[in-house]
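Asks: Here you go, this is data-v3.txt (compact mmCIF, C-alpha atoms and all ligand atoms).
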```
# COMPACT_ATOMS: atom_id res chain seq x y z
CA MET A 1 -13.98 13.04 59.50
CA ALA A 2 -12.03 11.44 56.62
CA LEU A 3 -11.20 7.74 56.99
CA SER A 4 -7.76 6.30 56.29
CA GLY A 5 -7.22 3.69 53.60
CA VAL A 6 -6.93 0.93 56.17
CA GLU A 7 -10.12 2.01 57.95
CA ILE A 8 -11.95 1.98 54.62
CA PHE A 9 -10.44 -1.41 53.72
CA LYS A 10 -11.94 -2.94 56.88
CA LEU A 11 -15.42 -2.07 55.60
CA LEU A 12 -14.96 -3.51 52.08
CA PRO A 13 -15.91 -7.13 51.13
CA LYS A 14 -12.20 -8.20 50.96
CA THR A 15 -12.77 -10.67 48.13
CA ASN A 16 -10.28 -9.00 45.76
CA CYS A 17 -12.72 -9.73 42.92
CA LYS A 18 -11.35 -6.79 40.81
CA LYS A 19 -14.83 -5.71 39.66
CA CYS A 20 -14.00 -2.14 40.76
CA GLY A 21 -11.09 -2.05 38.32
CA TYR A 22 -8.42 -2.31 41.03
CA PRO A 23 -6.43 -5.49 41.70
CA THR A 24 -7.32 -5.69 45.39
CA CYS A 25 -9.80 -4.26 47.89
CA LEU A 26 -6.85 -2.58 49.63
CA ALA A 27 -5.78 -0.80 46.44
CA PHE A 28 -9.38 0.39 45.96
CA ALA A 29 -9.53 1.51 49.60
CA MET A 30 -6.37 3.60 49.16
CA LYS A 31 -7.87 5.30 46.09
CA LEU A 32 -11.09 5.99 48.00
CA ALA A 33 -9.09 7.54 50.84
CA GLN A 34 -7.39 9.83 48.32
CA ARG A 35 -10.81 10.61 46.82
CA GLN A 36 -9.62 9.35 43.47
CA ALA A 37 -12.25 6.62 43.15
CA SER A 38 -15.99 6.40 43.69
CA LEU A 39 -17.56 3.86 46.03
CA ASP A 40 -20.12 3.03 43.30
CA ALA A 41 -17.36 1.10 41.51
CA CYS A 42 -17.66 -1.74 44.03
CA PRO A 43 -20.95 -3.55 43.38
CA ASP A 44 -20.67 -5.78 46.45
CA VAL A 45 -20.25 -3.27 49.24
CA SER A 46 -22.84 -3.76 52.03
CA GLU A 47 -25.55 -1.20 52.80
CA GLU A 48 -24.07 -0.63 56.22
CA ALA A 49 -20.61 0.02 54.82
CA LYS A 50 -22.15 2.30 52.18
CA LYS A 51 -23.61 4.46 54.92
CA VAL A 52 -20.29 4.86 56.67
CA LEU A 53 -18.21 5.13 53.53
CA GLY A 54 -20.67 7.32 51.64
CA GLU A 55 -19.71 10.30 53.71
CA ALA A 56 -16.01 9.43 53.75
CA SER A 57 -15.88 9.07 49.97
CA ALA A 58 -18.05 12.11 49.19
CA PRO A 59 -16.10 14.95 47.59
CA PRO A 60 -15.01 17.55 50.16
CA VAL A 61 -16.83 20.28 48.25
CA ARG A 62 -20.53 19.51 48.03
CA SER A 63 -22.12 18.98 44.63
CA ILE A 64 -24.96 21.37 43.86
CA THR A 65 -26.99 21.66 40.69
CA LEU A 66 -28.18 25.02 39.42
CA GLY A 67 -31.06 25.00 36.94
CA ALA A 68 -32.84 22.07 35.35
CA GLY A 69 -32.74 20.38 31.97
CA GLU A 70 -30.10 20.73 29.30
CA LEU A 71 -28.75 24.08 30.47
CA SER A 72 -28.40 23.06 34.13
CA VAL A 73 -24.91 23.30 35.57
CA LYS A 74 -23.16 21.55 38.42
CA MET A 75 -21.03 23.27 41.02
CA GLY A 76 -18.57 21.92 43.55
CA GLU A 77 -17.36 18.29 43.71
CA GLU A 78 -13.79 19.54 43.81
CA THR A 79 -11.22 17.36 45.53
CA VAL A 80 -7.85 19.09 45.06
CA LEU A 81 -6.10 22.42 45.47
CA PHE A 82 -3.99 22.14 42.34
CA ARG A 83 -4.98 20.85 38.93
CA HIS A 84 -1.81 18.79 38.53
CA GLU A 85 -2.82 16.71 41.61
CA LYS A 86 -5.88 15.35 39.81
CA LYS A 87 -8.20 17.67 37.89
CA PHE A 88 -10.73 20.37 38.57
CA VAL A 89 -14.21 18.95 38.15
CA ASN A 90 -17.00 21.45 37.51
CA PRO A 91 -16.11 24.63 35.57
CA PRO A 92 -17.25 27.83 37.30
CA VAL A 93 -20.67 29.10 36.38
CA ILE A 94 -20.43 32.46 34.63
CA ALA A 95 -23.50 34.50 35.54
CA VAL A 96 -24.46 37.97 34.38
CA ALA A 97 -26.10 40.33 36.86
CA ILE A 98 -29.34 42.00 35.89
CA GLY A 99 -30.58 44.60 38.38
CA ASP A 100 -34.21 45.61 38.85
CA ALA A 101 -33.17 49.27 38.62
CA GLU A 102 -31.87 48.86 35.06
CA SER A 103 -33.81 50.18 32.08
CA ASP A 104 -36.06 47.85 30.08
CA GLY A 105 -33.71 48.20 27.12
CA ASP A 106 -30.68 47.17 29.16
CA VAL A 107 -32.55 44.25 30.70
CA ASP A 108 -33.71 43.01 27.29
CA SER A 109 -30.29 43.31 25.75
CA LYS A 110 -28.65 41.46 28.66
CA ILE A 111 -31.16 38.61 28.49
CA ASP A 112 -30.66 38.37 24.72
CA GLY A 113 -26.89 38.46 25.31
CA VAL A 114 -27.14 35.43 27.60
CA THR A 115 -29.41 33.39 25.36
CA SER A 116 -27.19 34.04 22.32
CA SER A 117 -23.85 33.70 24.11
CA GLU A 118 -23.10 30.12 23.11
CA ILE A 119 -19.94 29.48 21.08
CA ASP A 120 -18.32 26.28 19.92
CA ARG A 121 -14.65 26.04 20.90
CA VAL A 122 -12.57 22.92 20.26
CA GLY A 123 -15.75 20.86 20.09
CA GLN A 124 -17.26 22.13 23.33
CA LYS A 125 -20.29 24.36 23.69
CA LEU A 126 -19.45 27.33 25.93
CA ARG A 127 -21.90 29.95 27.14
CA VAL A 128 -22.87 32.42 29.85
CA ASP A 129 -24.53 29.91 32.15
CA ALA A 130 -26.84 31.84 34.41
CA ILE A 131 -28.61 35.10 35.20
CA ALA A 132 -28.29 36.70 38.63
CA ILE A 133 -31.44 38.73 39.23
CA ILE A 134 -30.56 41.48 41.68
CA ASN A 135 -32.87 43.45 43.94
CA ASP A 136 -30.92 46.72 43.64
CA SER A 137 -34.06 48.84 43.97
CA GLY A 138 -35.15 47.35 47.27
CA ASP A 139 -38.66 47.31 45.79
CA GLY A 140 -40.27 43.85 45.92
CA SER A 141 -42.70 44.47 43.07
CA LYS A 142 -39.96 45.68 40.69
CA PHE A 143 -37.92 42.64 41.62
CA GLY A 144 -40.86 40.29 41.01
CA ALA A 145 -41.53 41.91 37.62
CA LEU A 146 -37.89 41.42 36.58
CA ALA A 147 -37.94 37.78 37.70
CA GLN A 148 -41.10 37.23 35.67
CA LYS A 149 -39.52 38.79 32.59
CA VAL A 150 -36.41 36.62 32.87
CA ALA A 151 -38.57 33.51 33.34
CA GLN A 152 -40.54 34.39 30.20
CA LYS A 153 -37.66 35.42 27.94
CA ALA A 154 -35.06 32.88 29.08
CA PRO A 155 -37.09 30.02 30.57
CA ASP A 156 -34.27 27.47 30.43
CA VAL A 157 -31.44 29.62 31.80
CA PRO A 158 -30.53 28.85 35.45
CA VAL A 159 -31.12 31.78 37.82
CA ILE A 160 -29.70 33.20 41.02
CA ILE A 161 -32.25 35.24 42.96
CA CYS A 162 -30.35 37.92 44.87
CA THR A 163 -32.15 39.67 47.70
CA GLU A 164 -32.12 39.84 51.47
CA ASP A 165 -35.87 40.30 51.66
CA PRO A 166 -37.68 36.98 52.23
CA GLY A 167 -40.96 38.36 50.85
CA ALA A 168 -39.34 39.56 47.61
CA ALA A 169 -37.47 36.25 47.38
CA GLU A 170 -40.66 34.25 47.69
CA ALA A 171 -42.40 36.23 44.96
CA ALA A 172 -39.43 35.98 42.59
CA LEU A 173 -38.86 32.26 43.20
CA GLY A 174 -42.48 31.56 42.28
CA ASN A 175 -41.43 32.06 38.64
CA PHE A 176 -38.89 29.24 38.76
CA THR A 177 -40.71 26.24 40.21
CA GLY A 178 -38.89 22.97 39.49
CA LYS A 179 -35.86 24.80 38.09
CA ASN A 180 -33.37 24.49 40.97
CA PRO A 181 -32.80 28.23 41.46
CA LEU A 182 -30.25 29.55 43.93
CA LEU A 183 -31.53 32.00 46.54
CA TYR A 184 -28.60 34.27 47.38
CA GLY A 185 -28.72 36.75 50.23
CA VAL A 186 -28.99 34.65 53.38
CA THR A 187 -27.42 36.53 56.29
CA ASP A 188 -27.20 35.97 59.99
CA GLY A 189 -30.16 38.30 60.45
CA ASN A 190 -32.58 36.75 57.95
CA ALA A 191 -31.44 33.12 57.96
CA GLU A 192 -34.56 31.49 59.42
CA ALA A 193 -37.01 33.27 57.12
CA MET A 194 -34.85 32.87 54.00
CA VAL A 195 -34.26 29.17 54.62
CA ASN A 196 -38.01 28.63 54.97
CA VAL A 197 -38.59 30.39 51.64
CA ALA A 198 -35.81 28.38 49.96
CA LYS A 199 -37.13 25.08 51.32
CA ALA A 200 -40.63 25.81 50.05
CA ALA A 201 -39.24 26.67 46.59
CA LYS A 202 -36.76 23.77 46.59
CA ALA A 203 -33.96 26.26 46.05
CA SER A 204 -30.37 26.07 47.22
CA VAL A 205 -29.13 29.01 49.28
CA GLY A 206 -26.28 31.48 48.93
CA LEU A 207 -24.84 32.79 52.19
CA LYS A 208 -23.12 36.14 52.62
CA ALA A 209 -21.10 37.15 55.64
CA ALA A 210 -18.28 39.60 56.10
CA GLY A 211 -15.24 37.65 57.13
CA ILE A 212 -14.30 34.01 57.21
CA ASP A 213 -15.29 33.39 60.83
CA ALA A 214 -18.73 34.88 60.35
CA LEU A 215 -19.20 32.83 57.17
CA SER A 216 -18.27 29.61 58.92
CA ALA A 217 -20.70 30.32 61.76
CA LEU A 218 -23.47 31.17 59.29
CA THR A 219 -22.89 27.95 57.35
CA GLU A 220 -23.29 25.90 60.53
CA LYS A 221 -26.41 27.83 61.43
CA VAL A 222 -28.04 27.30 58.03
CA LYS A 223 -27.16 23.60 58.10
CA SER A 224 -28.79 23.27 61.48
CA LEU A 225 -31.93 24.82 59.97
CA GLY A 226 -32.12 21.81 57.68
CA ILE A 227 -30.66 22.90 54.35
CA ASP A 228 -27.48 21.43 52.90
CA ASP A 229 -27.39 22.83 49.38
CA ILE A 230 -25.34 25.87 50.22
CA VAL A 231 -23.13 28.25 48.24
CA ILE A 232 -20.90 30.61 50.19
CA ASP A 233 -19.72 34.17 49.55
CA PRO A 234 -16.76 35.47 51.57
CA ARG A 235 -17.68 39.03 50.48
CA ALA A 236 -14.17 39.97 49.36
CA LYS A 237 -13.86 43.63 48.38
CA THR A 238 -10.64 43.43 46.38
CA ALA A 239 -9.04 40.88 44.10
CA GLY A 240 -6.40 40.21 46.75
CA GLU A 241 -9.01 39.55 49.41
CA MET A 242 -10.89 37.25 47.06
CA LEU A 243 -7.77 35.22 46.32
CA GLU A 244 -6.98 34.93 50.00
CA ALA A 245 -10.50 33.98 51.08
CA ASN A 246 -11.14 31.52 48.23
CA THR A 247 -7.81 29.79 48.85
CA LEU A 248 -8.41 29.57 52.58
CA ILE A 249 -11.89 28.10 52.02
CA ARG A 250 -10.74 25.52 49.46
CA ARG A 251 -7.72 24.51 51.51
CA ALA A 252 -9.84 24.10 54.66
CA ALA A 253 -12.34 21.95 52.73
CA VAL A 254 -9.96 19.63 50.89
CA LYS A 255 -6.96 19.46 53.21
CA LYS A 256 -8.62 19.75 56.63
CA SER A 257 -12.06 18.30 55.79
CA PHE A 258 -13.53 21.40 57.41
CA LYS A 259 -17.21 20.79 56.73
CA ALA A 260 -18.35 24.41 57.20
CA PHE A 261 -16.36 25.33 54.10
CA GLY A 262 -17.16 22.24 52.01
CA TYR A 263 -19.38 24.24 49.65
CA PRO A 264 -19.08 25.95 46.27
CA ILE A 265 -17.93 29.60 46.43
CA ILE A 266 -19.77 32.46 44.72
CA ASN A 267 -17.90 35.69 43.94
CA PHE A 268 -19.49 38.89 42.68
CA VAL A 269 -16.74 40.49 40.61
CA ARG A 270 -18.74 43.43 39.26
CA ARG A 271 -16.63 46.50 38.58
CA ASP A 272 -17.22 49.76 36.64
CA ASN A 273 -14.09 49.10 34.61
CA ALA A 274 -14.75 46.20 32.20
CA LEU A 275 -11.09 45.26 31.88
CA LEU A 276 -10.63 45.17 35.62
CA GLU A 277 -13.80 43.11 36.01
CA THR A 278 -12.55 40.59 33.47
CA LEU A 279 -9.24 40.37 35.29
CA VAL A 280 -10.91 39.70 38.65
CA ALA A 281 -13.29 37.17 37.05
CA SER A 282 -10.23 35.42 35.58
CA LEU A 283 -8.71 35.21 39.02
CA GLY A 284 -11.91 33.65 40.33
CA ILE A 285 -11.90 31.09 37.52
CA MET A 286 -8.30 30.18 38.29
CA LYS A 287 -8.68 30.17 42.04
CA TYR A 288 -11.70 28.32 43.28
CA SER A 289 -14.82 30.29 42.34
CA SER A 290 -17.74 28.03 41.54
CA VAL A 291 -19.79 31.01 40.39
CA VAL A 292 -18.51 34.35 39.10
CA VAL A 293 -21.11 37.05 38.67
CA VAL A 294 -20.15 39.72 36.13
CA SER A 295 -21.98 42.96 35.38
CA ASN A 296 -22.61 42.64 31.67
CA ILE A 297 -22.00 40.71 28.49
CA ASP A 298 -19.33 41.54 25.97
CA LYS A 299 -18.16 39.19 23.26
CA TRP A 300 -14.50 39.88 23.98
CA LYS A 301 -15.03 39.32 27.69
CA ASN A 302 -16.95 36.09 27.11
CA LEU A 303 -14.26 34.73 24.83
CA ALA A 304 -11.47 35.49 27.30
CA LEU A 305 -13.33 33.95 30.23
CA PHE A 306 -14.63 30.95 28.28
CA ALA A 307 -11.19 30.08 26.92
CA LEU A 308 -9.52 30.44 30.31
CA ARG A 309 -12.21 28.36 32.01
CA GLN A 310 -12.00 25.66 29.36
CA ASN A 311 -8.24 25.40 29.69
CA VAL A 312 -8.16 25.40 33.49
CA TYR A 313 -10.88 22.74 33.68
CA THR A 314 -9.43 20.39 31.09
CA ASP A 315 -8.02 17.23 32.65
CA PRO A 316 -4.24 17.68 32.21
CA GLN A 317 -3.77 13.92 32.09
CA VAL A 318 -6.28 13.39 29.28
CA PRO A 319 -5.61 15.15 25.97
CA MET A 320 -8.68 16.72 24.44
CA GLN A 321 -10.00 14.36 21.84
CA VAL A 322 -12.83 13.92 19.39
CA GLU A 323 -14.85 10.82 18.62
CA GLN A 324 -13.33 8.18 16.34
CA LYS A 325 -15.39 8.09 13.15
CA ILE A 326 -15.46 9.12 9.49
CA TYR A 327 -16.45 12.77 9.27
CA SER A 328 -18.01 14.16 6.08
CA ILE A 329 -16.86 17.67 5.19
CA GLY A 330 -19.01 19.39 2.57
CA ASP A 331 -21.39 17.69 0.18
CA VAL A 332 -19.49 14.41 -0.20
CA LYS A 333 -20.01 12.03 -3.10
CA PRO A 334 -18.75 8.42 -3.45
CA GLU A 335 -15.76 9.69 -5.42
CA SER A 336 -14.77 12.32 -2.81
CA PRO A 337 -11.27 11.91 -1.37
CA LEU A 338 -10.69 10.09 1.91
CA LEU A 339 -8.07 11.38 4.34
CA ILE A 340 -6.99 10.05 7.70
CA THR A 341 -5.70 11.71 10.86
CA THR A 342 -5.67 11.18 14.64
CA ASN A 343 -8.28 12.20 17.21
CA PHE A 344 -6.33 14.90 19.11
CA SER A 345 -8.88 17.74 19.16
CA LEU A 346 -6.52 20.37 17.83
CA THR A 347 -5.31 18.09 15.06
CA TYR A 348 -8.89 17.35 14.06
CA PHE A 349 -9.98 21.00 14.09
CA ILE A 350 -6.94 22.20 12.16
CA VAL A 351 -7.16 19.46 9.52
CA SER A 352 -10.94 19.64 9.13
CA GLY A 353 -10.72 23.45 8.93
CA GLU A 354 -8.17 23.29 6.11
CA VAL A 355 -10.21 20.67 4.24
CA GLU A 356 -13.20 23.00 4.56
CA ASN A 357 -11.08 25.90 3.26
CA SER A 358 -10.25 23.86 0.15
CA ARG A 359 -13.98 23.73 -0.73
CA VAL A 360 -13.34 20.20 -1.98
CA PRO A 361 -15.88 17.90 -0.29
CA ALA A 362 -13.95 15.13 1.45
CA ARG A 363 -14.20 12.44 4.09
CA LEU A 364 -11.90 12.61 7.07
CA ALA A 365 -11.25 9.36 8.91
CA VAL A 366 -10.39 10.28 12.51
CA MET A 367 -8.73 7.41 14.31
CA ASP A 368 -8.60 6.99 18.07
CA SER A 369 -5.02 7.67 19.12
CA GLU A 370 -5.93 8.41 22.75
CA GLY A 371 -5.85 12.11 21.91
CA LEU A 372 -2.28 12.20 20.59
CA SER A 373 -1.24 14.20 17.54
CA VAL A 374 -0.02 12.42 14.41
CA LEU A 375 3.73 12.24 15.07
CA THR A 376 3.36 11.56 18.79
CA ALA A 377 0.77 8.85 18.13
CA TRP A 378 3.05 7.25 15.54
CA ALA A 379 6.01 7.33 17.95
CA ALA A 380 3.83 5.85 20.71
CA GLY A 381 2.65 2.98 18.47
CA LYS A 382 -0.94 4.21 18.37
CA PHE A 383 -0.99 5.28 14.70
CA THR A 384 0.63 2.33 13.00
CA ALA A 385 0.05 0.63 9.65
CA GLY A 386 -1.72 -2.30 11.32
CA LYS A 387 -4.02 -0.09 13.38
CA ILE A 388 -4.83 2.19 10.44
CA ALA A 389 -5.64 -0.81 8.23
CA GLN A 390 -7.82 -2.35 10.92
CA PHE A 391 -9.70 0.93 11.49
CA ILE A 392 -10.37 1.43 7.78
CA LYS A 393 -11.59 -2.17 7.39
CA GLU A 394 -13.85 -2.04 10.44
CA SER A 395 -15.24 1.43 9.60
CA GLY A 396 -17.15 0.03 6.61
CA ILE A 397 -16.07 3.04 4.53
CA GLU A 398 -15.53 0.73 1.53
CA ASN A 399 -19.31 0.68 1.11
CA ASP A 400 -19.56 4.47 0.90
CA VAL A 401 -16.76 5.30 -1.55
CA SER A 402 -16.30 4.42 -5.19
CA HIS A 403 -12.50 4.29 -4.87
CA LYS A 404 -9.92 2.71 -2.65
CA GLU A 405 -7.51 5.53 -2.05
CA LEU A 406 -6.49 6.74 1.41
CA ILE A 407 -4.55 10.00 1.91
CA ILE A 408 -2.24 9.83 4.92
CA PRO A 409 -0.45 12.74 6.64
CA GLY A 410 2.96 13.53 5.15
CA TYR A 411 4.57 13.12 8.56
CA VAL A 412 3.91 9.37 8.43
CA ALA A 413 4.87 8.85 4.78
CA ILE A 414 7.03 6.00 6.01
CA LEU A 415 3.86 3.97 6.72
CA SER A 416 2.51 4.04 3.15
CA GLY A 417 4.00 0.73 1.98
CA ALA A 418 3.08 -1.16 5.14
CA ILE A 419 -0.52 0.12 5.00
CA GLU A 420 -0.81 -1.00 1.35
CA ASP A 421 0.39 -4.45 2.39
CA LYS A 422 -2.26 -4.70 5.10
CA LEU A 423 -5.13 -3.03 3.22
CA GLU A 424 -5.47 -5.18 0.18
CA GLY A 425 -6.48 -3.37 -3.00
CA TRP A 426 -6.02 0.11 -1.51
CA LYS A 427 -3.76 2.83 -2.84
CA ILE A 428 -2.06 4.93 -0.20
CA THR A 429 -1.28 8.52 -1.17
CA VAL A 430 1.01 10.66 0.95
CA GLY A 431 -0.55 14.04 1.68
CA PRO A 432 1.20 17.20 2.85
CA ARG A 433 3.09 17.32 6.14
CA GLU A 434 1.38 20.49 7.31
CA ALA A 435 -2.39 20.94 7.32
CA ASN A 436 -2.15 24.43 5.79
CA ALA A 437 -0.97 22.83 2.55
CA LEU A 438 -4.15 20.74 2.28
CA PRO A 439 -6.27 23.27 0.33
CA ALA A 440 -3.72 23.48 -2.51
CA PHE A 441 -3.19 19.71 -2.41
CA LEU A 442 -6.92 18.88 -2.61
CA LYS A 443 -7.64 21.57 -5.22
CA SER A 444 -4.86 20.34 -7.49
CA ARG A 445 -6.28 16.81 -7.40
CA ALA A 446 -9.82 18.04 -8.10
CA ALA A 447 -8.71 20.15 -11.09
FE1 LIG B 1 -12.92 -5.49 46.58
FE2 LIG B 1 -15.25 -4.48 45.82
FE3 LIG B 1 -13.07 -4.05 44.35
FE4 LIG B 1 -14.14 -6.49 44.48
S1 LIG B 1 -15.09 -4.64 43.61
S2 LIG B 1 -11.95 -5.91 44.62
S3 LIG B 1 -14.88 -6.51 46.55
S4 LIG B 1 -13.44 -3.35 46.41
```
Rewrite the structure from the file as structure tokens, please.
Ligand code: SF4

Replies:
Amino acid sequence: MALSGVEIFKLLPKTNCKKCGYPTCLAFAMKLAQRQASLDACPDVSEEAKKVLGEASAPPVRSITLGAGELSVKMGEETVLFRHEKKFVNPPVIAVAIGDAESDGDVDSKIDGVTSSEIDRVGQKLRVDAIAIINDSGDGSKFGALAQKVAQKAPDVPVIICTEDPGAAEAALGNFTGKNPLLYGVTDGNAEAMVNVAKAAKASVGLKAAGIDALSALTEKVKSLGIDDIVIDPRAKTAGEMLEANTLIRRAAVKKSFKAFGYPIINFVRRDNALLETLVASLGIMKYSSVVVVSNIDKWKNLALFALRQNVYTDPQVPMQVEQKIYSIGDVKPESPLLITTNFSLTYFIVSGEVENSRVPARLAVMDSEGLSVLTAWAAGKFTAGKIAQFIKESGIENDVSHKELIIPGYVAILSGAIEDKLEGWKITVGPREANALPAFLKSRAA
């Protein structure tokens, strides 16, 4: 049961020491009640209070890790229904299904498709995250052989073992020891045996039940068998049913603290029609899937799903930004030009792309403007002459260049004189207003 702010406040040290970043214990308690703060931020909370508050401050959707190492992915931890309320936390896992009735050629090409799926988009690495190994044949030995092949060819990729047969599950899971696999296929009929297999393999479990009521009862049953790392599948047959079930589950978890639904949702969106499948997968990404399982890999499909997922799971209150530093583009020399811009991701990628297009090696000083673009940052007082001068001085770039010339964006030409006043000995050159004019600008200077 969720605690109110006042109930939480009673359990806090009440010293108002501010170490948590809030002015008072009461303010911190209110944020905890809204699940917008973590109890870890208070270093002085007693062990007893931690026990009580730990559960109250835990996210309403349980956090579960799939896989191990660099490619592992987290699911759940969501706290809101709508992104504008706070943010969505863990982007849905995109998994590709590989069935044990598929030909060797198809299996190989799907595994290769997963391991080579990574793309870089606006500074983030995006990929197909997992493989769902499916016991379509009903034959345990075929299933085991497929699991072994996946383990050998894609040892670091997280896996979902999909079968309702505990014996086949046990054999397949043996290939993924220590890799946090998910065992999907727990039903009311096989729950005891499947949970025993999952516990032995240290796997989380995926539950399937037709209908919301049956799913809720199954979740309680599996919990009572001693396993808490659960992923739930409402078994929706159509996109409409999926939307309805996912929304009901998320709403029950975050608004009603209904524990039986406080788990990540898995949706199998496989369809014969690739366009339709992509559409249903998109719906899952937008509406509460923690895992979407698709039938195959296509570059166009990946790009559409990756871009949608990235945009939905970007914190709307925090502009995407890149690290403040001096970036070298091309084979820079001491005499290479030095340009400056702000750290809004899109600004950085557009400007650096155009510098690259010019084929003139250059340094790009990217200044922290809290993710604002050039004009907005200037208007907000975050890209001012004083701040630019300070950044250039503190960057130590003087030691790497044989000149003292800084090229500023044309949109802030007005700052050139003030920067020269504050950066002694430097010449400020006004560059083009638009990034697409940079290649001609840089080439004309290099000529
Ligand atoms: Fe209160 Fe703890 Fe925050 Fe200090 S750190 S103000 S004791 S909640």

Asks: For ligand LIG 1 (chain B), collect every residue having any atom at a distance of at most 10 Å from a ligand atom (counting all atoms listed in the file); output as a PyMOL selection string.

Replies: chain A and resi 8-9+11-29+32+39-46

Asks: Those selected residues, please, written with C-alpha atoms and delivered as a compact mmCIF listing (two decimals), in the frame of the given file.

Replies:
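What landed in part08.txt:
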```txt
# COMPACT_ATOMS: atom_id res chain seq x y z
CA ILE A 8 -11.95 1.98 54.62
CA PHE A 9 -10.44 -1.41 53.72
CA LEU A 11 -15.42 -2.07 55.60
CA LEU A 12 -14.96 -3.51 52.08
CA PRO A 13 -15.91 -7.13 51.13
CA LYS A 14 -12.20 -8.20 50.96
CA THR A 15 -12.77 -10.67 48.13
CA ASN A 16 -10.28 -9.00 45.76
CA CYS A 17 -12.72 -9.73 42.92
CA LYS A 18 -11.35 -6.79 40.81
CA LYS A 19 -14.83 -5.71 39.66
CA CYS A 20 -14.00 -2.14 40.76
CA GLY A 21 -11.09 -2.05 38.32
CA TYR A 22 -8.42 -2.31 41.03
CA PRO A 23 -6.43 -5.49 41.70
CA THR A 24 -7.32 -5.69 45.39
CA CYS A 25 -9.80 -4.26 47.89
CA LEU A 26 -6.85 -2.58 49.63
CA ALA A 27 -5.78 -0.80 46.44
CA PHE A 28 -9.38 0.39 45.96
CA ALA A 29 -9.53 1.51 49.60
CA LEU A 32 -11.09 5.99 48.00
CA LEU A 39 -17.56 3.86 46.03
CA ASP A 40 -20.12 3.03 43.30
CA ALA A 41 -17.36 1.10 41.51
CA CYS A 42 -17.66 -1.74 44.03
CA PRO A 43 -20.95 -3.55 43.38
CA ASP A 44 -20.67 -5.78 46.45
CA VAL A 45 -20.25 -3.27 49.24
CA SER A 46 -22.84 -3.76 52.03
```

Asks: With a cut-off of 10 Å, could you pull out the residues of region 226-269 of chain A touching region 277-293 of chain A and give me the nearest pair of atoms for each, distance in Å to one decimal, using all atoms listed in the file, ordered by chain and ascending number, as a Markdown table?

Replies:
```
| residue | atom | partner | partner_atom | distance |
| --- | --- | --- | --- | --- |
| A:Val231 | CA | A:Ser290 | CA | 8.6 |
| A:Ile232 | CA | A:Ser290 | CA | 9.6 |
| A:Asp233 | CA | A:Ser289 | CA | 9.5 |
| A:Thr238 | CA | A:Val280 | CA | 8.6 |
| A:Ala239 | CA | A:Val280 | CA | 5.9 |
| A:Gly240 | CA | A:Val280 | CA | 9.3 |
| A:Met242 | CA | A:Gly284 | CA | 7.7 |
| A:Leu243 | CA | A:Lys287 | CA | 6.7 |
| A:Glu244 | CA | A:Lys287 | CA | 9.4 |
| A:Ala245 | CA | A:Tyr288 | CA | 9.7 |
| A:Asn246 | CA | A:Tyr288 | CA | 5.9 |
| A:Thr247 | CA | A:Lys287 | CA | 6.9 |
| A:Leu248 | CA | A:Tyr288 | CA | 9.9 |
| A:Ile249 | CA | A:Tyr288 | CA | 8.7 |
| A:Arg250 | CA | A:Tyr288 | CA | 6.9 |
| A:Arg251 | CA | A:Tyr288 | CA | 9.9 |
| A:Tyr263 | CA | A:Ser290 | CA | 9.1 |
| A:Pro264 | CA | A:Ser290 | CA | 5.3 |
| A:Ile265 | CA | A:Ser290 | CA | 5.1 |
| A:Ile266 | CA | A:Val291 | CA | 4.6 |
| A:Asn267 | CA | A:Val292 | CA | 5.1 |
| A:Phe268 | CA | A:Val293 | CA | 4.7 |
| A:Val269 | CA | A:Val293 | CA | 5.9 |
```

Asks: Name the residues in contact with Ile131 (chain A) at a cut-off of 7 Å, using only C-alpha atoms, excluding same-chain residues fewer than 6 positions from it; report them as a list in words.

Replies: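 Final neighbour list, sorted by chain and number: Ala95, Val96, Ala97, Ile98, Pro158, Val159 and Ile160 of chain A.
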
Asks: Set the distance at 8 Å and use only C-alpha atoms: which residues neighbour Ile408 (chain A) once local chain neighbours fewer than 5 positions away are removed? I'd like the list as a tab-separated table (two decimals) with C-alpha atoms, in the frame of the given file.

Replies:
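Listing of result_39.tsv after writing:
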```
chain	number	residue	atom	x	y	z
A	339	LEU	CA	-8.07	11.38	4.34
A	340	ILE	CA	-6.99	10.05	7.70
A	341	THR	CA	-5.70	11.71	10.86
A	413	ALA	CA	4.87	8.85	4.78
A	416	SER	CA	2.51	4.04	3.15
A	428	ILE	CA	-2.06	4.93	-0.20
A	429	THR	CA	-1.28	8.52	-1.17
A	430	VAL	CA	1.01	10.66	0.95
A	431	GLY	CA	-0.55	14.04	1.68
```

Asks: Find, counting all atoms listed in the file, the residue in A:Gly206, A:Gly5, A:Pro155, A:Gly396 that gets nearest to Asp188 (chain A).

Replies: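 Nearest candidate to Asp188 (chain A) out of A:Gly206, A:Gly5, A:Pro155, A:Gly396: A:Gly206.
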
Asks: What does the structure give for the distance between CA of Ala447 (chain A) and CA of Val366 (chain A), in Å to one decimal?

Replies: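 CA of Ala447 (chain A) sits 25.6 Å away from CA of Val366 (chain A).
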
Asks: Could you check the closest approach to Asp213 (chain A) for each of A:Pro166, A:Gly69, A:Pro234, A:Gly410 and tell me which residue wins, using only C-alpha atoms?

Replies: A:Pro234
